[in-house]
Protein chains: 2
Amino acid sequence: MLTPSALHQLQAIVGETRVKTDADSLKTWGVDWTKHFTPAASAIVFPATTEEVQAIVRLANVEKFALVPSGGRTGLSAGAVAASGEVVISFDRMNKVLEFHAADRLVRVQAGVVTEQLQQYADEQDLYYPVDFASAGSSQIGGNIGTNAGGIKVIRYGMTRNWVLGLTVVTGKGDILRLNKGMIKNATGYDLRHLFIGAEGTLGFVTEAEIKLERKPRNLKVMVLGTPDFASVMNILSTFQAQLDLTAFEFFSELAVQCVTASGDVARPFPEATPFYALLEFEALSEAMEEQAMALFEHCVEQGWVVNGVMSQNETQLQNLWRLREDISETIAKYTPYKNDISVLISRVPAFIADIDAIVTENYPDFDVVWFGHIGDGNLHLNILKPADLSKDEFFAKCQVVNKQVFETVQKYDGSISAEHGVGMTKKPYLGYSRSPEEIAYLKAIKQVFDPNNVVNPGKIFDLDA
Amino acid sequence: MLTPSALHQLQAIVGETRVKTDADSLKTWGVDWTKHFTPAASAIVFPATTEEVQAIVRLANVEKFALVPSGGRTGLSAGAVAASGEVVISFDRMNKVLEFHAADRLVRVQAGVVTEQLQQYADEQDLYYPVDFASAGSSQIGGNIGTNAGGIKVIRYGMTRNWVLGLTVVTGKGDILRLNKGMIKNATGYDLRHLFIGAEGTLGFVTEAEIKLERKPRNLKVMVLGTPDFASVMNILSTFQAQLDLTAFEFFSELAVQCVTASGDVARPFPEATPFYALLEFEALSEAMEEQAMALFEHCVEQGWVVNGVMSQNETQLQNLWRLREDISETIAKYTPYKNDISVLISRVPAFIADIDAIVTENYPDFDVVWFGHIGDGNLHLNILKPADLSKDEFFAKCQVVNKQVFETVQKYDGSISAEHGVGMTKKPYLGYSRSPEEIAYLKAIKQVFDPNNVVNPGKIFDLDA
């Protein structure tokens, strides 16, 4: 816990008004979107510079208190939750775009820049930041880097990792490192930048990043296709991917469409209800490409893989079709879903889904399951809905049991127990299903290299051996 | 050095005929393309499986001998040279394609698969492996991963790193780790895969890799444009990049063209000799794109950035235009060039080149300099040619002096002293120009986590403190 002396020293570093200890602040900045843990932060500090972050980390090493990084607090694995009296470092004040190099399409930003703010900045330069997901309006770049955020455009543009050409970090020991400095090519020893990406703040804190931007996509078209079974979704993927550079390939089940359309804001794409839907997006760089897409659609219909489908004819239609996919999380929230974010090789998805469906159906025949996900990346979101007659605690307790079987299945298929949400605290007990004991031993040894006193985000991803 | 007992144990692991100690073999497998070091290997072993590699590494830990990995031996920084009595592990027998997942466009290969072999395998699946460079006919995937090889298509497809979705490695301690298992999305703690990519075998040895393939490029077109000055090269880059997705953007100087055309096999692209040339490549996915490229070309001529230029009309012309760039290394070899492989941000290239030119001109007015490189990635190859009247030793001694000034300039521009060739032994004394003392201390600490007895490729990248 934080001593009064340490608190004074924190105030000396960032200024008295930039350390908050009132109950409201502790509650607000002490958690992310995960609701399983009770916030119990000791203080929230709001540094403005890398040097202030360094001073805080050094103080933590001397005074032996723990630090939790806090960005947009949209995490889904409790990676940014302060549940054990930690001091929270909020990056809310480090929200500036620092530098832009046009010839490199490279922008240097502070860690607290919001994803949407970066997207807009790119747009103003007539460029594009392609990492996008539902929480882009709140999530911060530092948090995206900490979890190597993915989202809906990964099939074309890759994960956050692909866009990070440089990082400034403060390590757990309190060193400032400038990693890779924005270069595309740099073969001078181990690339520590990639070690920090996805480390969830357990090796140190990202304070600045050099981010590559891309040319804007042109004339995007979205198709939503209704399919009779899941195998057809896979056939549609391989058919279209062989001919077109897809910028997205998503899928969702009929129950997801029912949830989204029930709100009344979004219409069904076509009258027929089908068990599954594929949403695909591509750049129609020429009329020929649009015609090619229509020919592929017709081929899929002839093969019996598609029952009906639509293609957007303008930007409004495109946005409305996307809502069928993007509104799922929000509209199922009222059913208190138990969420899993898992991935396997694309070729293993059909067998994997069948196995998981069998587990859920056998154990909980009265549970509704909403499937959706980034199928073009092998990333599935499994959402088990709470039956109305079950209490929240009973429901989560039952889900914990099924969890083990889900993760055993993930392991059987050489998959990941967390595709894009990170490990944090919620997946920590299950890390061994995706990483071997030897690997985990190396992770812990690396943590000790960068953070020998275990002050930066301790107890996330794994617990160090006593 | 290797004891007779250790030699017998090596023979027991891989079979007697798979350990070579004759002088010819020691000389052949003891070096890469770097010629500054005298090979002095103790033995060459040829394992066939990951388990055999593990047994060798474990033996090295017990018997205290050092190991050097050996792939296609095309390295340019002595990363695979055995100059101190090491045992060389050759991956020549681990040359099999193991598995292919069509839906994932994913291939699993052994480390000894030759780059060109992988390119051909991809071609047979109607797919494409986009990492390409002059030594693709000899270099092995394991070596490419060890140095994070780049090459001529980085502007569109990125480095080797971008295509590695999984690695099987044997660490310096002798553990087998399967890292990331081919997944696109996997947020389960530190991504050790990326730590091994570019580590030059100093943390352990890559034995297998899961490699992502891409759709084949269609209707590639190459333009070669003659420019009056270097600033025009940069203007051409930004003009074309704003409109087209370039698959390559290279530059070279007039002296390079003179060397290549002197052989008589390759013709000048057009009659005019100009100080610099830009070579750009793009996919003409439609006739409109080809017209757009012509319009951009005309715009560049109007602006005075281009004196003359050509565009390939068929595959033969495309190959011939590429030879103007790809034959440079080979044709300047007879001038015993002193090579540097450096990178800076693209926006800093013009000032950087001017500084380097001034240094070379001032110190060595009689030295010829051939510039070429992957300008679209900020990667420059500086080649100083040996004057005929200077001995090789005198010449290299003089270059060592200029080296220091070149690297000071790299540091001034926040650049890299090795863009794509690695550090090995040749760049080891200069690592501090690209990485800070704090960073280097972390590199060494990480080395000790994976290789506490310093048996895998010791003395490469850095020397551990005594």
# chains A, B, ... in the order shown; residues from 1 in each chain; ligands from 1
call {"tool": "closest_atom_pairs", "arguments": {"of": "chain A", "to": "chain B", "cutoff": "6 Å", "atoms": "only C-alpha atoms", "output": "Markdown table"}}
result
| residue | atom | partner | partner_atom | distance |
| --- | --- | --- | --- | --- |
| A:Ala103 | CA | B:Ser347 | CA | 5.3 |
| A:Asp104 | CA | B:Ile346 | CA | 5.5 |
| A:Met183 | CA | B:Leu345 | CA | 6.0 |
| A:Ile184 | CA | B:Asp377 | CA | 5.9 |
| A:Lys185 | CA | B:Ala419 | CA | 4.8 |
| A:Asn186 | CA | B:Ala419 | CA | 4.3 |
| A:Ala187 | CA | B:Gly422 | CA | 4.7 |
| A:Thr188 | CA | B:Val423 | CA | 5.7 |
| A:Gly189 | CA | B:Ala199 | CA | 5.8 |
| A:Tyr190 | CA | B:Ala199 | CA | 5.3 |
| A:Leu195 | CA | B:Tyr190 | CA | 5.8 |
| A:Ala199 | CA | B:Tyr190 | CA | 5.3 |
| A:Leu345 | CA | B:Met183 | CA | 6.0 |
| A:Ile346 | CA | B:Asp104 | CA | 5.5 |
| A:Ser347 | CA | B:Ala103 | CA | 5.3 |
| A:Asp377 | CA | B:Ile184 | CA | 5.9 |
| A:Ser416 | CA | B:Asn186 | CA | 5.5 |
| A:Ser418 | CA | B:Ala187 | CA | 5.4 |
| A:Ala419 | CA | B:Asn186 | CA | 4.3 |
| A:Glu420 | CA | B:Ala187 | CA | 5.2 |
| A:Gly422 | CA | B:Ala187 | CA | 4.7 |
| A:Val423 | CA | B:Thr188 | CA | 5.7 |
call {"tool": "atom_distance", "arguments": {"atom1": "CA of Ile236 in chain A", "atom2": "CA of Asn320 in chain A"}}
result
21.4 Å
call {"tool": "atom_distance", "arguments": {"atom1": "CA of Phe407 in chain A", "atom2": "CA of Glu330 in chain A"}}
result
25.0 Å
call {"tool": "residues_around", "arguments": {"residues": "Arg18 in chain B", "least_positions_apart": "3", "cutoff": "12 Å", "atoms": "only C-alpha atoms", "output": "list in words"}}
result
Leu7, His8, Leu10, Gln11, Ala12, Ile13, Val14, Gly15, Thr21, Asp22, Ser25, Ala43, Ile44, Val45, Phe46, Pro47, Ala48, Glu52, Val88, Ile89, Ser90, Phe91, Asp92 and Arg93 of chain B
call {"tool": "select_by_dssp", "arguments": {"residues": "range 103-212 of chain A", "states": "helix (DSSP H, G or I)", "output": "VMD selection string"}}
result
chain A and resid 115 to 124 141 to 147 154 to 157 160 to 163 192 to 196
call {"tool": "select_by_dssp", "arguments": {"residues": "range 336-422 of chain B", "states": "strand (DSSP E)", "output": "VMD selection string"}}
result
chain B and resid 338 to 343 368 to 374 379 to 385
call {"tool": "residues_around", "arguments": {"residues": "Val257 in chain A", "least_positions_apart": "3", "cutoff": "8 Å", "atoms": "only C-alpha atoms", "output": "PyMOL selection string"}}
result
chain A and resi 252-254+260-261+268+324+328
call {"tool": "residues_around", "arguments": {"residues": "Arg73 in chain A", "least_positions_apart": "5", "cutoff": "8 Å", "atoms": "only C-alpha atoms", "output": "CSV table (one decimal) with N, CA, C and O atoms, in the first residue's frame"}}
result
chain,number,residue,atom,x,y,z
A,29,TRP,N,-11.1,5.1,-12.5
A,29,TRP,CA,-9.8,4.7,-13.1
A,29,TRP,C,-9.2,3.4,-12.6
A,29,TRP,O,-8.2,3.0,-13.1
A,31,VAL,N,-10.7,0.4,-12.9
A,31,VAL,CA,-11.2,-0.7,-13.6
A,31,VAL,C,-11.2,-0.6,-15.1
A,31,VAL,O,-11.0,0.5,-15.7
A,32,ASP,N,-11.3,-1.7,-15.8
A,32,ASP,CA,-11.6,-1.6,-17.3
A,32,ASP,C,-13.1,-2.1,-17.5
A,32,ASP,O,-13.9,-2.1,-16.5
A,33,TRP,N,-13.4,-2.6,-18.7
A,33,TRP,CA,-14.8,-3.1,-18.9
A,33,TRP,C,-15.1,-4.4,-18.2
A,33,TRP,O,-16.3,-4.8,-18.2
A,80,ALA,N,-6.1,-4.0,-16.9
A,80,ALA,CA,-5.9,-2.6,-16.4
A,80,ALA,C,-6.7,-2.4,-15.1
A,80,ALA,O,-7.0,-1.3,-14.8
A,138,SER,N,-13.0,5.1,-27.5
A,138,SER,CA,-12.5,5.3,-26.1
A,138,SER,C,-11.1,4.7,-25.9
A,138,SER,O,-10.3,5.3,-25.2
A,139,SER,N,-10.8,3.6,-26.6
A,139,SER,CA,-9.5,2.9,-26.3
A,139,SER,C,-8.3,3.8,-26.7
A,139,SER,O,-8.5,4.6,-27.7
call {"tool": "atom_distance", "arguments": {"atom1": "CA of Pro4 in chain A", "atom2": "CA of Val455 in chain A"}}
result
18.2 Å
